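**Q** What follows is a single structure, and I will ask about it in a moment.
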Amino acid sequence: MTIIPAIDILDGKVVRLVQGDYGNVKVYSVDPVQTARDFKAAGSGYIHVVDLDGAKQGRPVNVGIAKKIVDSLGIEVELGGGLRTFDSIQKVLDAGIKKAVLGTAVLKDTAFAGECVKRFGDKVIFGIDVRDGTVRVDGWTKDSGRSLDDVIKFFESIGLVRIIYTDISRDGMMTGPNVSGLLDLLSKTKMEVVLSGGISKLDDIVRVMEIKKKNLKGIIVGKALYEGSIKLEEALRVS
């Protein structure tokens, strides 16, 4: 299983939002590239970058920073936030970014979602962001009107390979992951699943790793790394 450190970028800075609230921001660094450099030095070979400006504006904003991370460090990066057109996805991939993460656009437009998988294959990952049992869109601010079961079935039907599952109520709260929700999701799909949200201590990672499901492929860790409750070297060691 892969431990994937997260770098959320807003106004060129490394930040964390609490439950996706743009009004509740904490800045951890003014240099995302240095943060990525630190993660690489700790042993990480893969980073999850979130373009929060892009998610809010509906178009990618921080591709240049992600490209600088790739070019200067030689580390693999996946990027999400504001990717809502074929051109924006291609722009990300042309920048040397390994995978593009999509959410709002593929939930609002089923034809677009299907064509994304057809054109880009496993280079696209779709996010499923859940709050209180509903799938959210537009930077987590709106209810998509679609159930989790419906979204899973649709993604499978178009041949999607991997999803990122985020329980928004746990994100940035340092309260532990929603293991029951994760188990429920894993029982319903054969798609590859990466967990995001709520990881607060090393024991949380160990608990998730004890889930013996072949399609559980990774854990994204964010705030716990920045707050120091998890050391990336230790997380990588137990993974």
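Lettering and numbering for the structure tokens are positional, with chains as A, B, ... in the shown order, residues counted from 1 in each chain, and ligands counted from 1 in the shown order.
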As a VMD selection string, please: every residue in segment 37-170 of chain A that a backbone DSSP assignment puts in strand (DSSP E or B).
**A** chain A and resid 46 to 51 76 to 80 99 to 102 124 to 131 134 to 137 142 to 147 162 to 167
**Q** Residues of segment 52-137 of chain A in alpha helix (DSSP H) according to DSSP, as a VMD selection string?
**A** chain A and resid 52 to 57 63 to 73 86 to 94 104 to 108 110 to 120
**Q** Can I get the selected residues back with N, CA and C atoms, as a short mmCIF file (atom, residue, chain, number, x, y, z; two decimals), in the first residue's frame?
**A**
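What follows is the written file again_12.cif:
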```cif
data_model
loop_
_atom_site.label_atom_id
_atom_site.label_comp_id
_atom_site.auth_asym_id
_atom_site.auth_seq_id
_atom_site.Cartn_x
_atom_site.Cartn_y
_atom_site.Cartn_z
N LEU A 52 -6.20 24.14 -4.91
CA LEU A 52 -7.41 24.69 -4.29
C LEU A 52 -7.92 25.92 -5.02
N ASP A 53 -7.01 26.71 -5.57
CA ASP A 53 -7.43 27.84 -6.39
C ASP A 53 -8.21 27.34 -7.61
N GLY A 54 -7.70 26.28 -8.21
CA GLY A 54 -8.36 25.68 -9.37
C GLY A 54 -9.73 25.14 -9.05
N ALA A 55 -9.82 24.45 -7.91
CA ALA A 55 -11.11 23.88 -7.50
C ALA A 55 -12.16 24.97 -7.32
N LYS A 56 -11.72 26.09 -6.79
CA LYS A 56 -12.65 27.19 -6.53
C LYS A 56 -13.04 27.92 -7.81
N GLN A 57 -12.06 28.07 -8.71
CA GLN A 57 -12.30 28.85 -9.93
C GLN A 57 -12.81 28.01 -11.11
N VAL A 63 -0.80 24.55 -12.01
CA VAL A 63 -0.09 23.51 -12.76
C VAL A 63 1.41 23.83 -12.82
N GLY A 64 1.74 25.11 -12.92
CA GLY A 64 3.14 25.51 -13.00
C GLY A 64 3.93 25.09 -11.77
N ILE A 65 3.33 25.20 -10.59
CA ILE A 65 4.01 24.78 -9.36
C ILE A 65 4.19 23.28 -9.36
N ALA A 66 3.15 22.54 -9.76
CA ALA A 66 3.26 21.08 -9.81
C ALA A 66 4.33 20.64 -10.80
N LYS A 67 4.39 21.33 -11.94
CA LYS A 67 5.42 21.02 -12.93
C LYS A 67 6.82 21.28 -12.38
N LYS A 68 6.96 22.34 -11.61
CA LYS A 68 8.26 22.65 -11.02
C LYS A 68 8.68 21.55 -10.05
N ILE A 69 7.72 21.01 -9.31
CA ILE A 69 8.01 19.90 -8.39
C ILE A 69 8.51 18.69 -9.18
N VAL A 70 7.81 18.37 -10.26
CA VAL A 70 8.21 17.23 -11.09
C VAL A 70 9.58 17.45 -11.71
N ASP A 71 9.77 18.61 -12.31
CA ASP A 71 11.02 18.88 -13.04
C ASP A 71 12.23 19.00 -12.13
N SER A 72 12.06 19.62 -10.98
CA SER A 72 13.21 19.87 -10.11
C SER A 72 13.54 18.69 -9.20
N LEU A 73 12.55 17.86 -8.92
CA LEU A 73 12.78 16.78 -7.96
C LEU A 73 12.74 15.39 -8.59
N PHE A 86 -11.24 18.64 -21.41
CA PHE A 86 -10.21 17.77 -21.97
C PHE A 86 -8.88 18.52 -22.09
N ASP A 87 -8.97 19.77 -22.48
CA ASP A 87 -7.75 20.56 -22.64
C ASP A 87 -7.00 20.74 -21.33
N SER A 88 -7.75 20.95 -20.23
CA SER A 88 -7.08 21.14 -18.95
C SER A 88 -6.41 19.85 -18.48
N ILE A 89 -7.04 18.72 -18.75
CA ILE A 89 -6.43 17.44 -18.40
C ILE A 89 -5.16 17.22 -19.22
N GLN A 90 -5.25 17.50 -20.51
CA GLN A 90 -4.09 17.32 -21.38
C GLN A 90 -2.96 18.25 -20.94
N LYS A 91 -3.31 19.46 -20.53
CA LYS A 91 -2.30 20.41 -20.06
C LYS A 91 -1.54 19.86 -18.86
N VAL A 92 -2.26 19.24 -17.96
CA VAL A 92 -1.64 18.65 -16.78
C VAL A 92 -0.71 17.50 -17.17
N LEU A 93 -1.18 16.62 -18.02
CA LEU A 93 -0.38 15.47 -18.42
C LEU A 93 0.83 15.90 -19.24
N ASP A 94 0.65 16.91 -20.09
CA ASP A 94 1.77 17.43 -20.90
C ASP A 94 2.84 18.07 -20.01
N THR A 104 -15.75 17.27 -9.77
CA THR A 104 -17.00 17.94 -10.13
C THR A 104 -17.45 17.64 -11.56
N ALA A 105 -16.55 17.81 -12.52
CA ALA A 105 -16.94 17.70 -13.93
C ALA A 105 -17.47 16.32 -14.28
N VAL A 106 -16.85 15.27 -13.74
CA VAL A 106 -17.27 13.91 -14.10
C VAL A 106 -18.54 13.50 -13.38
N LEU A 107 -18.90 14.23 -12.35
CA LEU A 107 -20.15 13.95 -11.66
C LEU A 107 -21.31 14.72 -12.28
N LYS A 108 -21.00 15.86 -12.86
CA LYS A 108 -22.05 16.67 -13.47
C LYS A 108 -22.34 16.28 -14.91
N THR A 110 -21.98 13.06 -17.40
CA THR A 110 -21.63 11.65 -17.57
C THR A 110 -20.94 11.38 -18.90
N ALA A 111 -21.33 12.11 -19.94
CA ALA A 111 -20.68 11.92 -21.24
C ALA A 111 -19.22 12.33 -21.17
N PHE A 112 -18.95 13.43 -20.49
CA PHE A 112 -17.57 13.88 -20.30
C PHE A 112 -16.76 12.85 -19.52
N ALA A 113 -17.36 12.31 -18.49
CA ALA A 113 -16.67 11.30 -17.67
C ALA A 113 -16.28 10.10 -18.51
N GLY A 114 -17.22 9.60 -19.30
CA GLY A 114 -16.93 8.44 -20.13
C GLY A 114 -15.84 8.71 -21.15
N GLU A 115 -15.88 9.89 -21.75
CA GLU A 115 -14.88 10.25 -22.76
C GLU A 115 -13.50 10.43 -22.12
N CYS A 116 -13.47 10.92 -20.88
CA CYS A 116 -12.18 11.06 -20.17
C CYS A 116 -11.49 9.71 -20.02
N VAL A 117 -12.26 8.72 -19.61
CA VAL A 117 -11.68 7.38 -19.44
C VAL A 117 -11.25 6.81 -20.79
N LYS A 118 -12.07 7.05 -21.81
CA LYS A 118 -11.75 6.56 -23.15
C LYS A 118 -10.46 7.19 -23.68
N ARG A 119 -10.30 8.50 -23.46
CA ARG A 119 -9.12 9.21 -23.99
C ARG A 119 -7.85 8.99 -23.17
N PHE A 120 -8.02 9.00 -21.83
CA PHE A 120 -6.84 9.06 -20.97
C PHE A 120 -6.59 7.79 -20.16
#
```
**Q** Near segment 38-50 of chain A, counting only C-alpha atoms, which residues have an atom at most 7 Å away, once you skip same-chain residues fewer than 6 positions from it, shown as a ChimeraX atom specification?
**A** /A:4-9,75-81,232-233
**Q** May I ask which of the residues A:Thr35, A:Ser29, A:Thr85, A:Thr189 is the closest one to Val151 of chain A, counting only C-alpha atoms?
**A**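 Between A:Thr35, A:Ser29, A:Thr85, A:Thr189, the residue approaching Val151 of chain A most closely is A:Thr189.
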**Q** What is the distance between atom CA of Asp150 of chain A and atom CA of Asp132 of chain A, in Å to one decimal?
**A**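 Separating atom CA of Asp150 of chain A from atom CA of Asp132 of chain A is a distance of 15.5 Å.
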**Q** Which residues, written as a ChimeraX atom specification, have at least one atom at most 12 Å from Lys217 of chain A, with only C-alpha atoms counted and residues fewer than 3 positions away on the same chain left out?
**A** /A:1-4,161-165,186,190-196,208-209,211-214,220,239
**Q** Would you mind exporting N, CA and C atoms of the selected residues as a PDB file, in the first residue's frame?
**A**
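Saved as part38.pdb:
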```
ATOM      1  N   MET A   1       0.846  -1.193   0.000  1.00  0.00           N
ATOM      2  CA  MET A   1       0.000   0.000   0.000  1.00  0.00           C
ATOM      3  C   MET A   1       0.883   1.246   0.000  1.00  0.00           C
ATOM      4  N   THR A   2       0.466   2.250  -0.736  1.00  0.00           N
ATOM      5  CA  THR A   2       1.271   3.450  -0.880  1.00  0.00           C
ATOM      6  C   THR A   2       0.794   4.551   0.072  1.00  0.00           C
ATOM      7  N   ILE A   3       1.726   5.137   0.800  1.00  0.00           N
ATOM      8  CA  ILE A   3       1.443   6.322   1.603  1.00  0.00           C
ATOM      9  C   ILE A   3       1.735   7.534   0.725  1.00  0.00           C
ATOM     10  N   ILE A   4       0.729   8.390   0.545  1.00  0.00           N
ATOM     11  CA  ILE A   4       0.842   9.512  -0.386  1.00  0.00           C
ATOM     12  C   ILE A   4       0.696  10.827   0.375  1.00  0.00           C
ATOM     13  N   VAL A 161     -10.462   3.041 -13.532  1.00  0.00           N
ATOM     14  CA  VAL A 161      -9.542   2.166 -12.809  1.00  0.00           C
ATOM     15  C   VAL A 161      -9.460   2.510 -11.327  1.00  0.00           C
ATOM     16  N   ARG A 162      -9.330   3.819 -10.997  1.00  0.00           N
ATOM     17  CA  ARG A 162      -9.026   4.201  -9.613  1.00  0.00           C
ATOM     18  C   ARG A 162      -9.869   5.380  -9.153  1.00  0.00           C
ATOM     19  N   ILE A 163     -10.254   5.339  -7.872  1.00  0.00           N
ATOM     20  CA  ILE A 163     -10.963   6.444  -7.239  1.00  0.00           C
ATOM     21  C   ILE A 163     -10.238   6.854  -5.958  1.00  0.00           C
ATOM     22  N   ILE A 164     -10.432   8.112  -5.570  1.00  0.00           N
ATOM     23  CA  ILE A 164      -9.999   8.597  -4.265  1.00  0.00           C
ATOM     24  C   ILE A 164     -11.253   8.865  -3.446  1.00  0.00           C
ATOM     25  N   TYR A 165     -11.358   8.202  -2.306  1.00  0.00           N
ATOM     26  CA  TYR A 165     -12.529   8.334  -1.440  1.00  0.00           C
ATOM     27  C   TYR A 165     -12.192   9.242  -0.267  1.00  0.00           C
ATOM     28  N   LEU A 186     -15.411  -0.495  -0.222  1.00  0.00           N
ATOM     29  CA  LEU A 186     -14.611  -1.595  -0.769  1.00  0.00           C
ATOM     30  C   LEU A 186     -15.459  -2.826  -1.062  1.00  0.00           C
ATOM     31  N   LYS A 190     -14.786  -3.093  -7.328  1.00  0.00           N
ATOM     32  CA  LYS A 190     -13.480  -3.694  -7.591  1.00  0.00           C
ATOM     33  C   LYS A 190     -12.489  -2.646  -8.100  1.00  0.00           C
ATOM     34  N   MET A 191     -12.943  -1.396  -8.233  1.00  0.00           N
ATOM     35  CA  MET A 191     -12.030  -0.327  -8.624  1.00  0.00           C
ATOM     36  C   MET A 191     -10.955  -0.155  -7.554  1.00  0.00           C
ATOM     37  N   GLU A 192      -9.797   0.305  -7.960  1.00  0.00           N
ATOM     38  CA  GLU A 192      -8.754   0.629  -7.000  1.00  0.00           C
ATOM     39  C   GLU A 192      -9.212   1.824  -6.169  1.00  0.00           C
ATOM     40  N   VAL A 193      -8.969   1.750  -4.863  1.00  0.00           N
ATOM     41  CA  VAL A 193      -9.425   2.796  -3.947  1.00  0.00           C
ATOM     42  C   VAL A 193      -8.243   3.352  -3.165  1.00  0.00           C
ATOM     43  N   VAL A 194      -8.183   4.683  -3.098  1.00  0.00           N
ATOM     44  CA  VAL A 194      -7.224   5.384  -2.242  1.00  0.00           C
ATOM     45  C   VAL A 194      -8.035   6.157  -1.210  1.00  0.00           C
ATOM     46  N   LEU A 195      -7.670   6.016   0.049  1.00  0.00           N
ATOM     47  CA  LEU A 195      -8.383   6.683   1.139  1.00  0.00           C
ATOM     48  C   LEU A 195      -7.782   8.049   1.415  1.00  0.00           C
ATOM     49  N   SER A 196      -8.649   9.022   1.649  1.00  0.00           N
ATOM     50  CA  SER A 196      -8.202  10.363   2.022  1.00  0.00           C
ATOM     51  C   SER A 196      -9.114  10.904   3.113  1.00  0.00           C
ATOM     52  N   VAL A 208      -5.924   0.968   8.832  1.00  0.00           N
ATOM     53  CA  VAL A 208      -6.342   0.873   7.436  1.00  0.00           C
ATOM     54  C   VAL A 208      -5.582  -0.247   6.727  1.00  0.00           C
ATOM     55  N   MET A 209      -4.314  -0.387   7.036  1.00  0.00           N
ATOM     56  CA  MET A 209      -3.514  -1.425   6.392  1.00  0.00           C
ATOM     57  C   MET A 209      -3.962  -2.827   6.780  1.00  0.00           C
ATOM     58  N   ILE A 211      -6.904  -3.800   6.731  1.00  0.00           N
ATOM     59  CA  ILE A 211      -8.013  -4.168   5.847  1.00  0.00           C
ATOM     60  C   ILE A 211      -7.439  -4.943   4.673  1.00  0.00           C
ATOM     61  N   LYS A 212      -7.737  -6.198   4.591  1.00  0.00           N
ATOM     62  CA  LYS A 212      -7.124  -7.066   3.574  1.00  0.00           C
ATOM     63  C   LYS A 212      -7.979  -7.092   2.307  1.00  0.00           C
ATOM     64  N   LYS A 213      -7.966  -5.987   1.607  1.00  0.00           N
ATOM     65  CA  LYS A 213      -8.667  -5.886   0.335  1.00  0.00           C
ATOM     66  C   LYS A 213      -7.659  -5.526  -0.747  1.00  0.00           C
ATOM     67  N   LYS A 214      -7.601  -6.327  -1.793  1.00  0.00           N
ATOM     68  CA  LYS A 214      -6.598  -6.113  -2.830  1.00  0.00           C
ATOM     69  C   LYS A 214      -6.763  -4.783  -3.547  1.00  0.00           C
ATOM     70  N   ILE A 220      -3.848   8.750   1.528  1.00  0.00           N
ATOM     71  CA  ILE A 220      -3.346  10.123   1.422  1.00  0.00           C
ATOM     72  C   ILE A 220      -3.284  10.725   2.825  1.00  0.00           C
ATOM     73  N   SER A 239       4.269   0.898   5.924  1.00  0.00           N
ATOM     74  CA  SER A 239       3.372   0.638   4.784  1.00  0.00           C
ATOM     75  C   SER A 239       3.870  -0.548   3.949  1.00  0.00           C
TER      76      SER A 239
END
```
**Q** Can you tell me how far atom CA of Gly103 of chain A sits from atom CA of Pro60 of chain A, in Å to one decimal?
**A**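 Result for atom CA of Gly103 of chain A versus atom CA of Pro60 of chain A: 12.8 Å, one decimal.
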**Q** Work out how far atom CA of Val179 of chain A is from atom CA of Glu227 of chain A, in Å to one decimal.
**A**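 Straight-line distance from atom CA of Glu227 of chain A to atom CA of Val179 of chain A works out to 21.9 Å.
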